[in-house]
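Data block for upload-v4.pdb (PDB, C-alpha atoms and all ligand atoms):
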```
ATOM      1  CA  MET V  77     -34.884 -23.987  35.009  1.00  0.00           C
ATOM      2  CA  GLU V  78     -32.145 -23.866  37.609  1.00  0.00           C
ATOM      3  CA  ILE V  79     -32.178 -24.476  41.332  1.00  0.00           C
ATOM      4  CA  ASP V  80     -32.048 -20.706  41.908  1.00  0.00           C
ATOM      5  CA  ASP V  81     -35.366 -20.382  40.043  1.00  0.00           C
ATOM      6  CA  LEU V  82     -37.265 -22.761  42.309  1.00  0.00           C
ATOM      7  CA  GLU V  83     -38.617 -20.215  44.779  1.00  0.00           C
ATOM      8  CA  ALA V  84     -40.111 -18.122  41.983  1.00  0.00           C
ATOM      9  CA  VAL V  85     -41.388 -21.236  40.217  1.00  0.00           C
ATOM     10  CA  TYR V  86     -43.045 -22.488  43.393  1.00  0.00           C
ATOM     11  CA  GLU V  87     -44.745 -19.125  43.913  1.00  0.00           C
ATOM     12  CA  ILE V  88     -46.376 -19.391  40.471  1.00  0.00           C
ATOM     13  CA  GLU V  89     -47.097 -23.109  40.917  1.00  0.00           C
ATOM     14  CA  SER V  90     -48.861 -22.730  44.278  1.00  0.00           C
ATOM     15  CA  ALA V  91     -50.967 -19.801  43.014  1.00  0.00           C
ATOM     16  CA  SER V  92     -51.848 -21.693  39.807  1.00  0.00           C
ATOM     17  CA  PHE V  93     -52.700 -25.067  41.326  1.00  0.00           C
ATOM     18  CA  PRO V  94     -53.807 -24.412  44.927  1.00  0.00           C
ATOM     19  CA  ASN V  95     -55.034 -27.979  45.498  1.00  0.00           C
ATOM     20  CA  THR V  96     -52.550 -30.007  43.507  1.00  0.00           C
ATOM     21  CA  SER V  97     -49.362 -27.958  43.501  1.00  0.00           C
ATOM     22  CA  TRP V  98     -45.966 -29.628  43.560  1.00  0.00           C
ATOM     23  CA  ASN V  99     -43.585 -28.616  46.327  1.00  0.00           C
ATOM     24  CA  ILE V 100     -40.041 -27.350  45.825  1.00  0.00           C
ATOM     25  CA  GLU V 101     -38.620 -30.827  46.512  1.00  0.00           C
ATOM     26  CA  SER V 102     -40.643 -32.282  43.625  1.00  0.00           C
ATOM     27  CA  PHE V 103     -39.147 -29.739  41.228  1.00  0.00           C
ATOM     28  CA  LEU V 104     -35.697 -30.298  42.697  1.00  0.00           C
ATOM     29  CA  ARG V 105     -35.991 -34.037  42.103  1.00  0.00           C
ATOM     30  CA  GLU V 106     -37.053 -33.430  38.524  1.00  0.00           C
ATOM     31  CA  LEU V 107     -34.049 -31.156  37.922  1.00  0.00           C
ATOM     32  CA  THR V 108     -31.456 -33.348  39.569  1.00  0.00           C
ATOM     33  CA  ALA V 109     -32.600 -36.976  39.414  1.00  0.00           C
ATOM     34  CA  ASN V 110     -34.832 -37.458  36.381  1.00  0.00           C
ATOM     35  CA  GLN V 111     -32.743 -37.929  33.273  1.00  0.00           C
ATOM     36  CA  PHE V 112     -35.864 -37.809  31.084  1.00  0.00           C
ATOM     37  CA  ALA V 113     -37.057 -34.448  32.415  1.00  0.00           C
ATOM     38  CA  TYR V 114     -36.475 -31.045  30.848  1.00  0.00           C
ATOM     39  CA  TYR V 115     -37.766 -27.955  32.658  1.00  0.00           C
ATOM     40  CA  PHE V 116     -37.431 -24.413  31.402  1.00  0.00           C
ATOM     41  CA  VAL V 117     -38.475 -20.944  32.516  1.00  0.00           C
ATOM     42  CA  LEU V 118     -39.433 -17.796  30.661  1.00  0.00           C
ATOM     43  CA  GLU V 119     -37.924 -14.642  32.132  1.00  0.00           C
ATOM     44  CA  LYS V 120     -38.896 -11.004  31.748  1.00  0.00           C
ATOM     45  CA  GLU V 121     -36.293  -8.552  32.999  1.00  0.00           C
ATOM     46  CA  ASP V 122     -34.614 -11.332  34.991  1.00  0.00           C
ATOM     47  CA  ARG V 123     -37.877 -12.332  36.689  1.00  0.00           C
ATOM     48  CA  VAL V 124     -39.444 -15.754  36.131  1.00  0.00           C
ATOM     49  CA  VAL V 125     -42.892 -15.224  34.583  1.00  0.00           C
ATOM     50  CA  GLY V 126     -43.618 -18.789  33.524  1.00  0.00           C
ATOM     51  CA  TYR V 127     -42.277 -22.304  33.311  1.00  0.00           C
ATOM     52  CA  CYS V 128     -42.917 -25.641  31.670  1.00  0.00           C
ATOM     53  CA  GLY V 129     -41.764 -29.231  32.058  1.00  0.00           C
ATOM     54  CA  VAL V 130     -41.452 -31.988  29.474  1.00  0.00           C
ATOM     55  CA  TRP V 131     -40.613 -35.658  29.799  1.00  0.00           C
ATOM     56  CA  LEU V 132     -38.956 -37.030  26.701  1.00  0.00           C
ATOM     57  CA  VAL V 133     -38.319 -40.767  26.596  1.00  0.00           C
ATOM     58  CA  ILE V 134     -36.940 -41.715  23.191  1.00  0.00           C
ATOM     59  CA  ASP V 135     -39.995 -41.212  20.964  1.00  0.00           C
ATOM     60  CA  GLN V 136     -42.553 -40.484  23.700  1.00  0.00           C
ATOM     61  CA  SER V 137     -43.070 -37.030  25.197  1.00  0.00           C
ATOM     62  CA  GLN V 138     -45.460 -35.357  27.556  1.00  0.00           C
ATOM     63  CA  ILE V 139     -45.896 -32.007  29.221  1.00  0.00           C
ATOM     64  CA  THR V 140     -45.854 -32.413  32.987  1.00  0.00           C
ATOM     65  CA  THR V 141     -46.699 -28.846  33.941  1.00  0.00           C
ATOM     66  CA  ILE V 142     -47.044 -25.365  32.475  1.00  0.00           C
ATOM     67  CA  ALA V 143     -48.002 -22.108  34.156  1.00  0.00           C
ATOM     68  CA  VAL V 144     -47.655 -18.365  33.771  1.00  0.00           C
ATOM     69  CA  ASP V 145     -47.648 -15.828  36.609  1.00  0.00           C
ATOM     70  CA  ARG V 146     -51.250 -14.635  36.974  1.00  0.00           C
ATOM     71  CA  ARG V 147     -50.182 -10.988  36.575  1.00  0.00           C
ATOM     72  CA  GLU V 148     -48.550 -11.823  33.230  1.00  0.00           C
ATOM     73  CA  GLN V 149     -51.231 -14.020  31.679  1.00  0.00           C
ATOM     74  CA  GLY V 150     -52.746 -13.079  28.336  1.00  0.00           C
ATOM     75  CA  ASN V 151     -49.448 -11.712  26.977  1.00  0.00           C
ATOM     76  CA  GLY V 152     -48.508 -14.679  24.823  1.00  0.00           C
ATOM     77  CA  TYR V 153     -46.084 -16.255  27.300  1.00  0.00           C
ATOM     78  CA  GLY V 154     -48.068 -19.489  27.639  1.00  0.00           C
ATOM     79  CA  ARG V 155     -47.944 -19.895  23.872  1.00  0.00           C
ATOM     80  CA  GLN V 156     -44.181 -19.236  23.810  1.00  0.00           C
ATOM     81  CA  LEU V 157     -43.592 -21.870  26.486  1.00  0.00           C
ATOM     82  CA  LEU V 158     -45.739 -24.383  24.622  1.00  0.00           C
ATOM     83  CA  GLN V 159     -44.018 -23.706  21.312  1.00  0.00           C
ATOM     84  CA  HIS V 160     -40.623 -24.252  22.914  1.00  0.00           C
ATOM     85  CA  ALA V 161     -41.864 -27.524  24.457  1.00  0.00           C
ATOM     86  CA  LYS V 162     -42.999 -28.674  20.996  1.00  0.00           C
ATOM     87  CA  GLU V 163     -39.655 -27.783  19.440  1.00  0.00           C
ATOM     88  CA  TYR V 164     -37.751 -29.588  22.168  1.00  0.00           C
ATOM     89  CA  ALA V 165     -39.898 -32.725  22.107  1.00  0.00           C
ATOM     90  CA  GLY V 166     -39.810 -32.760  18.299  1.00  0.00           C
ATOM     91  CA  GLN V 167     -36.094 -33.590  18.414  1.00  0.00           C
ATOM     92  CA  SER V 168     -36.951 -37.231  18.930  1.00  0.00           C
ATOM     93  CA  ALA V 169     -40.696 -37.665  19.552  1.00  0.00           C
ATOM     94  CA  ASP V 170     -43.536 -37.750  17.020  1.00  0.00           C
ATOM     95  CA  ILE V 171     -46.288 -36.942  19.497  1.00  0.00           C
ATOM     96  CA  LEU V 172     -46.518 -34.619  22.511  1.00  0.00           C
ATOM     97  CA  SER V 173     -49.350 -35.187  24.979  1.00  0.00           C
ATOM     98  CA  LEU V 174     -50.669 -33.627  28.166  1.00  0.00           C
ATOM     99  CA  GLU V 175     -53.540 -33.779  30.624  1.00  0.00           C
ATOM    100  CA  VAL V 176     -55.764 -30.781  31.311  1.00  0.00           C
ATOM    101  CA  SER V 177     -58.630 -30.441  33.756  1.00  0.00           C
ATOM    102  CA  ILE V 178     -61.951 -30.563  31.875  1.00  0.00           C
ATOM    103  CA  ASP V 179     -62.946 -27.177  33.354  1.00  0.00           C
ATOM    104  CA  ASN V 180     -59.717 -25.370  32.380  1.00  0.00           C
ATOM    105  CA  ASP V 181     -61.149 -23.596  29.320  1.00  0.00           C
ATOM    106  CA  ARG V 182     -58.309 -21.120  29.041  1.00  0.00           C
ATOM    107  CA  ALA V 183     -55.607 -23.776  28.847  1.00  0.00           C
ATOM    108  CA  MET V 184     -57.664 -25.910  26.440  1.00  0.00           C
ATOM    109  CA  LYS V 185     -58.090 -22.893  24.102  1.00  0.00           C
ATOM    110  CA  LEU V 186     -54.323 -22.416  24.085  1.00  0.00           C
ATOM    111  CA  TYR V 187     -53.693 -26.107  23.358  1.00  0.00           C
ATOM    112  CA  GLU V 188     -56.307 -26.152  20.589  1.00  0.00           C
ATOM    113  CA  LYS V 189     -54.686 -23.123  18.955  1.00  0.00           C
ATOM    114  CA  GLU V 190     -51.347 -24.957  19.069  1.00  0.00           C
ATOM    115  CA  GLY V 191     -52.841 -27.915  17.224  1.00  0.00           C
ATOM    116  CA  PHE V 192     -53.592 -30.265  20.112  1.00  0.00           C
ATOM    117  CA  LEU V 193     -56.478 -32.698  19.635  1.00  0.00           C
ATOM    118  CA  TYR V 194     -58.661 -34.367  22.260  1.00  0.00           C
ATOM    119  CA  GLY V 195     -57.685 -37.980  22.879  1.00  0.00           C
ATOM    120  CA  GLY V 196     -60.000 -39.082  25.672  1.00  0.00           C
ATOM    121  CA  ILE V 197     -60.880 -38.560  29.314  1.00  0.00           C
ATOM    122  CA  ARG V 198     -58.888 -39.707  32.349  1.00  0.00           C
ATOM    123  CA  LYS V 199     -61.446 -40.194  35.123  1.00  0.00           C
ATOM    124  CA  ASP V 200     -60.564 -38.745  38.554  1.00  0.00           C
ATOM    125  CA  TYR V 201     -57.122 -37.694  37.310  1.00  0.00           C
ATOM    126  CA  TYR V 202     -56.973 -34.681  39.638  1.00  0.00           C
ATOM    127  CA  GLY V 203     -58.889 -36.381  42.492  1.00  0.00           C
ATOM    128  CA  PRO V 204     -62.393 -37.808  42.952  1.00  0.00           C
ATOM    129  CA  GLY V 205     -64.778 -36.303  40.393  1.00  0.00           C
ATOM    130  CA  LYS V 206     -62.011 -34.230  38.795  1.00  0.00           C
ATOM    131  CA  ASP V 207     -61.512 -35.578  35.305  1.00  0.00           C
ATOM    132  CA  ALA V 208     -58.870 -34.616  32.752  1.00  0.00           C
ATOM    133  CA  HIS V 209     -58.820 -34.483  28.983  1.00  0.00           C
ATOM    134  CA  VAL V 210     -55.817 -36.117  27.374  1.00  0.00           C
ATOM    135  CA  MET V 211     -54.681 -33.908  24.495  1.00  0.00           C
ATOM    136  CA  TRP V 212     -52.011 -34.608  21.904  1.00  0.00           C
ATOM    137  CA  VAL V 213     -50.315 -33.040  18.937  1.00  0.00           C
ATOM    138  CA  THR V 214     -48.281 -34.499  16.102  1.00  0.00           C
ATOM    139  CA  LEU V 215     -44.777 -33.034  15.891  1.00  0.00           C
ATOM    140  CA  ASN V 216     -42.613 -32.419  12.807  1.00  0.00           C
ATOM    141  CA  GLU V 217     -45.445 -32.575  10.269  1.00  0.00           C
TER
HETATM  142  C1  LIG V 301     -52.924 -21.749  30.598  1.00  0.00           C
HETATM  143  C2  LIG V 301     -51.854 -20.665  30.721  1.00  0.00           C
HETATM  144  C3  LIG V 301     -50.479 -21.314  30.824  1.00  0.00           C
HETATM  145  C4  LIG V 301     -51.910 -19.787  29.452  1.00  0.00           C
HETATM  146  O1  LIG V 301     -50.858 -18.832  29.540  1.00  0.00           O
HETATM  147  P1  LIG V 301     -51.027 -17.338  28.990  1.00  0.00           P
HETATM  148  O2  LIG V 301     -49.687 -16.708  29.005  1.00  0.00           O
HETATM  149  O3  LIG V 301     -52.113 -16.643  29.722  1.00  0.00           O
HETATM  150  O4  LIG V 301     -51.527 -17.634  27.503  1.00  0.00           O
HETATM  151  P2  LIG V 301     -51.267 -16.744  26.194  1.00  0.00           P
HETATM  152  O5  LIG V 301     -51.242 -15.290  26.566  1.00  0.00           O
HETATM  153  O6  LIG V 301     -50.084 -17.299  25.480  1.00  0.00           O
HETATM  154  O7  LIG V 301     -52.591 -17.006  25.386  1.00  0.00           O
HETATM  155  C5  LIG V 301     -52.717 -18.094  24.546  1.00  0.00           C
HETATM  156  C6  LIG V 301     -54.192 -18.403  24.343  1.00  0.00           C
HETATM  157  O8  LIG V 301     -54.793 -18.735  25.595  1.00  0.00           O
HETATM  158  C7  LIG V 301     -56.135 -18.255  25.619  1.00  0.00           C
HETATM  159  N1  LIG V 301     -56.279 -17.201  26.632  1.00  0.00           N
HETATM  160  C8  LIG V 301     -55.334 -16.404  27.148  1.00  0.00           C
HETATM  161  N2  LIG V 301     -55.868 -15.549  28.050  1.00  0.00           N
HETATM  162  C9  LIG V 301     -57.184 -15.831  28.077  1.00  0.00           C
HETATM  163  C10 LIG V 301     -58.308 -15.318  28.806  1.00  0.00           C
HETATM  164  N3  LIG V 301     -58.173 -14.298  29.685  1.00  0.00           N
HETATM  165  N4  LIG V 301     -59.503 -15.883  28.624  1.00  0.00           N
HETATM  166  C11 LIG V 301     -59.662 -16.905  27.745  1.00  0.00           C
HETATM  167  N5  LIG V 301     -58.651 -17.426  27.011  1.00  0.00           N
HETATM  168  C12 LIG V 301     -57.453 -16.890  27.173  1.00  0.00           C
HETATM  169  C13 LIG V 301     -56.407 -17.641  24.274  1.00  0.00           C
HETATM  170  O9  LIG V 301     -56.915 -18.644  23.428  1.00  0.00           O
HETATM  171  C14 LIG V 301     -55.034 -17.238  23.835  1.00  0.00           C
HETATM  172  O10 LIG V 301     -54.905 -17.161  22.464  1.00  0.00           O
HETATM  173  P3  LIG V 301     -55.042 -15.723  21.705  1.00  0.00           P
HETATM  174  O11 LIG V 301     -53.963 -14.855  22.275  1.00  0.00           O
HETATM  175  O12 LIG V 301     -54.843 -16.066  20.263  1.00  0.00           O
HETATM  176  O13 LIG V 301     -56.411 -15.204  22.040  1.00  0.00           O
HETATM  177  C15 LIG V 301     -52.132 -19.727  31.927  1.00  0.00           C
HETATM  178  O14 LIG V 301     -53.447 -19.269  31.858  1.00  0.00           O
HETATM  179  C16 LIG V 301     -51.890 -20.380  33.275  1.00  0.00           C
HETATM  180  O15 LIG V 301     -50.782 -20.387  33.801  1.00  0.00           O
HETATM  181  N6  LIG V 301     -52.968 -20.908  33.894  1.00  0.00           N
HETATM  182  C17 LIG V 301     -52.858 -21.511  35.230  1.00  0.00           C
HETATM  183  C18 LIG V 301     -52.100 -22.809  35.185  1.00  0.00           C
HETATM  184  C19 LIG V 301     -52.739 -23.787  34.237  1.00  0.00           C
HETATM  185  O16 LIG V 301     -53.962 -23.921  34.186  1.00  0.00           O
HETATM  186  N7  LIG V 301     -51.899 -24.496  33.481  1.00  0.00           N
HETATM  187  C20 LIG V 301     -52.347 -25.502  32.539  1.00  0.00           C
HETATM  188  C21 LIG V 301     -52.450 -26.822  33.223  1.00  0.00           C
HETATM  189  S1  LIG V 301     -52.890 -28.116  32.071  1.00  0.00           S
END
```
Would you mind writing the file's structure down as structure tokens?
Amino acid sequence: MEIDDLEAVYEIESASFPNTSWNIESFLRELTANQFAYYFVLEKEDRVVGYCGVWLVIDQSQITTIAVDRREQGNGYGRQLLQHAKEYAGQSADILSLEVSIDNDRAMKLYEKEGFLYGGIRKDYYGPGKDAHVMWVTLNE
């Protein structure tokens, strides 16, 4: 992900997470001031169709965000992004984790298919009454 991508990324982000979306400044900070952050986009004919962020701190890694343009969902792009995140994190981490809203069945299906297991519930993670599952996968097995 580059600074030039941020408008397209924000368009997908705000459509995907209407109540909790990050703003452009949040992404900019991640790209320029967080040495542990790695963000990447997936492009189709030079257009950003999805993106994902990973924090990798020595042997700990987590996905911070992942989304695919609504018009492009169901084409395998989410899986490609996730597989790249696993490859990247696997350079130095043994486990990759993430949080997912307990009502986000589509995302949970994708994570399950990629080998993620359920690790517990974070109460009110997305706001009052909005719990998240913590999911994790072992890398480099
Ligand atoms: C979750 C998300 C990233 C998946 O991306 P995607 O490109 O649609 O996913 P893929 O096409 O790679 O599909 C992977 C799996 O997701 C599930 N999936 C995809 N489309 C689905 C649909 N319409 N209904 C149910 N499950 C679906 C399937 O299990 C699919 O596996 P399969 O192809 O073997 O059936 C995408 O739906 C998205 O951006 N959602 C909004 C943002 C979001 O919720 N992000 C996750 C936050 S934790």
Could you give me, as CSV, every chain V residue with an atom at most 9 Å from ligand LIG 301 (chain V), plus its closest atom pair and distance in Å to one decimal, counting only C-alpha atoms and all ligand atoms, rows ordered by chain then number?
```
residue,atom,partner,partner_atom,distance
V:Ile88,CA,V:LIG301,O15,8.1
V:Glu89,CA,V:LIG301,C18,7.6
V:Ala91,CA,V:LIG301,C17,8.2
V:Ser92,CA,V:LIG301,C17,4.7
V:Phe93,CA,V:LIG301,C18,6.6
V:Val125,CA,V:LIG301,O2,8.9
V:Gly126,CA,V:LIG301,O15,7.3
V:Tyr127,CA,V:LIG301,C3,8.6
V:Cys128,CA,V:LIG301,C3,8.8
V:Ile139,CA,V:LIG301,S1,8.5
V:Thr140,CA,V:LIG301,S1,8.3
V:Thr141,CA,V:LIG301,C21,6.1
V:Ile142,CA,V:LIG301,N7,5.0
V:Ala143,CA,V:LIG301,O15,3.3
V:Val144,CA,V:LIG301,O15,3.7
V:Asp145,CA,V:LIG301,O15,6.2
V:Arg146,CA,V:LIG301,O15,6.6
V:Glu148,CA,V:LIG301,O2,6.6
V:Gln149,CA,V:LIG301,O3,3.4
V:Gly150,CA,V:LIG301,O5,3.2
V:Asn151,CA,V:LIG301,O5,4.0
V:Gly152,CA,V:LIG301,O6,3.1
V:Tyr153,CA,V:LIG301,O2,4.0
V:Gly154,CA,V:LIG301,O1,3.4
V:Arg155,CA,V:LIG301,O6,3.7
V:Gln156,CA,V:LIG301,O6,6.4
V:Leu157,CA,V:LIG301,O6,8.0
V:Leu158,CA,V:LIG301,O6,8.4
V:Leu174,CA,V:LIG301,S1,7.1
V:Glu175,CA,V:LIG301,S1,5.9
V:Val176,CA,V:LIG301,S1,4.0
V:Ser177,CA,V:LIG301,S1,6.4
V:Asn180,CA,V:LIG301,O16,6.2
V:Asp181,CA,V:LIG301,C11,7.0
V:Arg182,CA,V:LIG301,N5,4.2
V:Ala183,CA,V:LIG301,C1,3.8
V:Met184,CA,V:LIG301,C1,7.6
V:Lys185,CA,V:LIG301,O9,4.5
V:Leu186,CA,V:LIG301,O8,4.0
V:Tyr187,CA,V:LIG301,O8,7.8
V:Glu188,CA,V:LIG301,O9,8.0
V:Lys189,CA,V:LIG301,O9,6.7
V:Glu190,CA,V:LIG301,C6,8.9
V:Ala208,CA,V:LIG301,S1,8.9
```
(Q) Which residue is closest to V:Asn216? Choose from V:Glu163, V:Asp122, V:Glu106, V:Glu101 and count all atoms listed in the file. (A)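 Smallest distance to V:Asn216 is found for V:Glu163.
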Grab all the atoms of stretch 198-216 of chain V that the file lists, wrap them in a box along x, y and z, add 5 Å per side, and give me centre plus edge lengths in Å (one decimal) as JSON.
```
{"center_x": -53.7, "center_y": -36.3, "center_z": 27.9, "size_x": 32.2, "size_y": 17.8, "size_z": 40.1}
```
Q. How many Å separate atom CA of V:Asp80 from atom CA of V:Ser102?
A. 14.5 Å
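Interatomic distance, atom CA of V:Glu217 against atom CA of V:Leu193: 14.5 Å.
Residues with at least one atom no more than 12 Å from (-42.0, -42.6, 26.1), using all atoms listed in the file, are V:Phe112, V:Ala113, V:Val130, V:Trp131, V:Leu132, V:Val133, V:Ile134, V:Asp135, V:Gln136, V:Ser137, V:Gln138, V:Ile139, V:Ala165, V:Ser168, V:Ala169, V:Asp170, V:Ile171, V:Leu172, V:Ser173.
Picture a line from atom CA of V:Arg147 to atom CA of V:Tyr86; it runs 15.2 Å.
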Q: Name all residues at most 9 Å from V:Glu78 (count all atoms listed in the file; drop same-chain ones fewer than 5 positions away) and give them as a ChimeraX atom specification.
A: /V:104,107,115-117
**Q.** Point (-56.0, -34.6, 22.5), cut-off 7 Å, counting all atoms listed in the file, residues as a ChimeraX atom specification
**A.** /V:192-196,210-213
Q. In terms of the shortest atom-to-atom distance over all atoms listed in the file, which of V:Gln111, V:Glu121, V:Leu215, V:Leu82 is closest to V:Gln159?
A. V:Leu215
Q) Pick the closest to V:Asn110 from V:Gly129, V:Asp81, V:Asp207, V:Gly191: which is it, counting all atoms listed in the file? A)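 Using all atoms listed in the file, V:Asn110 sits closest to V:Gly129.
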Could you add N, CA and C atoms to stretch 186-212 of chain V and give me the result as a compact mmCIF listing (two decimals), keeping the file's coordinate frame?
```txt
# COMPACT_ATOMS: atom_id res chain seq x y z
N LEU V 186 -55.73 -22.55 24.50
CA LEU V 186 -54.32 -22.42 24.08
C LEU V 186 -53.86 -23.69 23.37
N TYR V 187 -54.15 -24.84 23.96
CA TYR V 187 -53.69 -26.11 23.36
C TYR V 187 -54.34 -26.32 21.99
N GLU V 188 -55.63 -26.00 21.89
CA GLU V 188 -56.31 -26.15 20.59
C GLU V 188 -55.62 -25.28 19.53
N LYS V 189 -55.32 -24.04 19.92
CA LYS V 189 -54.69 -23.12 18.95
C LYS V 189 -53.31 -23.62 18.54
N GLU V 190 -52.67 -24.40 19.40
CA GLU V 190 -51.35 -24.96 19.07
C GLU V 190 -51.46 -26.33 18.42
N GLY V 191 -52.67 -26.71 18.02
CA GLY V 191 -52.84 -27.92 17.22
C GLY V 191 -53.13 -29.19 18.00
N PHE V 192 -53.31 -29.06 19.31
CA PHE V 192 -53.59 -30.26 20.11
C PHE V 192 -55.02 -30.74 19.86
N LEU V 193 -55.18 -32.06 19.83
CA LEU V 193 -56.48 -32.70 19.64
C LEU V 193 -56.88 -33.41 20.92
N TYR V 194 -58.17 -33.67 21.06
CA TYR V 194 -58.66 -34.37 22.26
C TYR V 194 -58.54 -35.87 22.05
N GLY V 195 -57.92 -36.55 23.04
CA GLY V 195 -57.68 -37.98 22.88
C GLY V 195 -58.53 -38.86 23.78
N GLY V 196 -59.20 -38.27 24.75
CA GLY V 196 -60.00 -39.08 25.67
C GLY V 196 -60.01 -38.45 27.05
N ILE V 197 -60.73 -39.10 27.95
CA ILE V 197 -60.88 -38.56 29.31
C ILE V 197 -60.17 -39.49 30.30
N ARG V 198 -59.40 -38.91 31.23
CA ARG V 198 -58.89 -39.71 32.35
C ARG V 198 -59.75 -39.38 33.57
N LYS V 199 -60.53 -40.39 33.99
CA LYS V 199 -61.45 -40.19 35.12
C LYS V 199 -60.64 -39.95 36.40
N ASP V 200 -61.11 -39.01 37.21
CA ASP V 200 -60.56 -38.74 38.55
C ASP V 200 -59.07 -38.44 38.54
N TYR V 201 -58.56 -37.92 37.44
CA TYR V 201 -57.12 -37.69 37.31
C TYR V 201 -56.60 -36.71 38.37
N TYR V 202 -57.41 -35.68 38.65
CA TYR V 202 -56.97 -34.68 39.64
C TYR V 202 -57.64 -34.89 41.00
N GLY V 203 -58.19 -36.09 41.24
CA GLY V 203 -58.89 -36.38 42.49
C GLY V 203 -60.31 -36.81 42.18
N PRO V 204 -61.04 -37.30 43.19
CA PRO V 204 -62.39 -37.81 42.95
C PRO V 204 -63.28 -36.77 42.26
N GLY V 205 -63.87 -37.18 41.14
CA GLY V 205 -64.78 -36.30 40.39
C GLY V 205 -64.07 -35.25 39.56
N LYS V 206 -62.74 -35.27 39.54
CA LYS V 206 -62.01 -34.23 38.80
C LYS V 206 -61.29 -34.86 37.60
N ASP V 207 -62.01 -34.88 36.50
CA ASP V 207 -61.51 -35.58 35.30
C ASP V 207 -60.58 -34.69 34.48
N ALA V 208 -59.77 -35.35 33.65
CA ALA V 208 -58.87 -34.62 32.75
C ALA V 208 -59.10 -35.07 31.32
N HIS V 209 -58.94 -34.12 30.40
CA HIS V 209 -58.82 -34.48 28.98
C HIS V 209 -57.37 -34.85 28.72
N VAL V 210 -57.14 -35.88 27.94
CA VAL V 210 -55.82 -36.12 27.37
C VAL V 210 -55.81 -35.41 26.02
N MET V 211 -54.79 -34.58 25.79
CA MET V 211 -54.68 -33.91 24.50
C MET V 211 -53.32 -34.24 23.89
N TRP V 212 -53.27 -34.24 22.57
CA TRP V 212 -52.01 -34.61 21.90
C TRP V 212 -51.85 -33.87 20.59
```
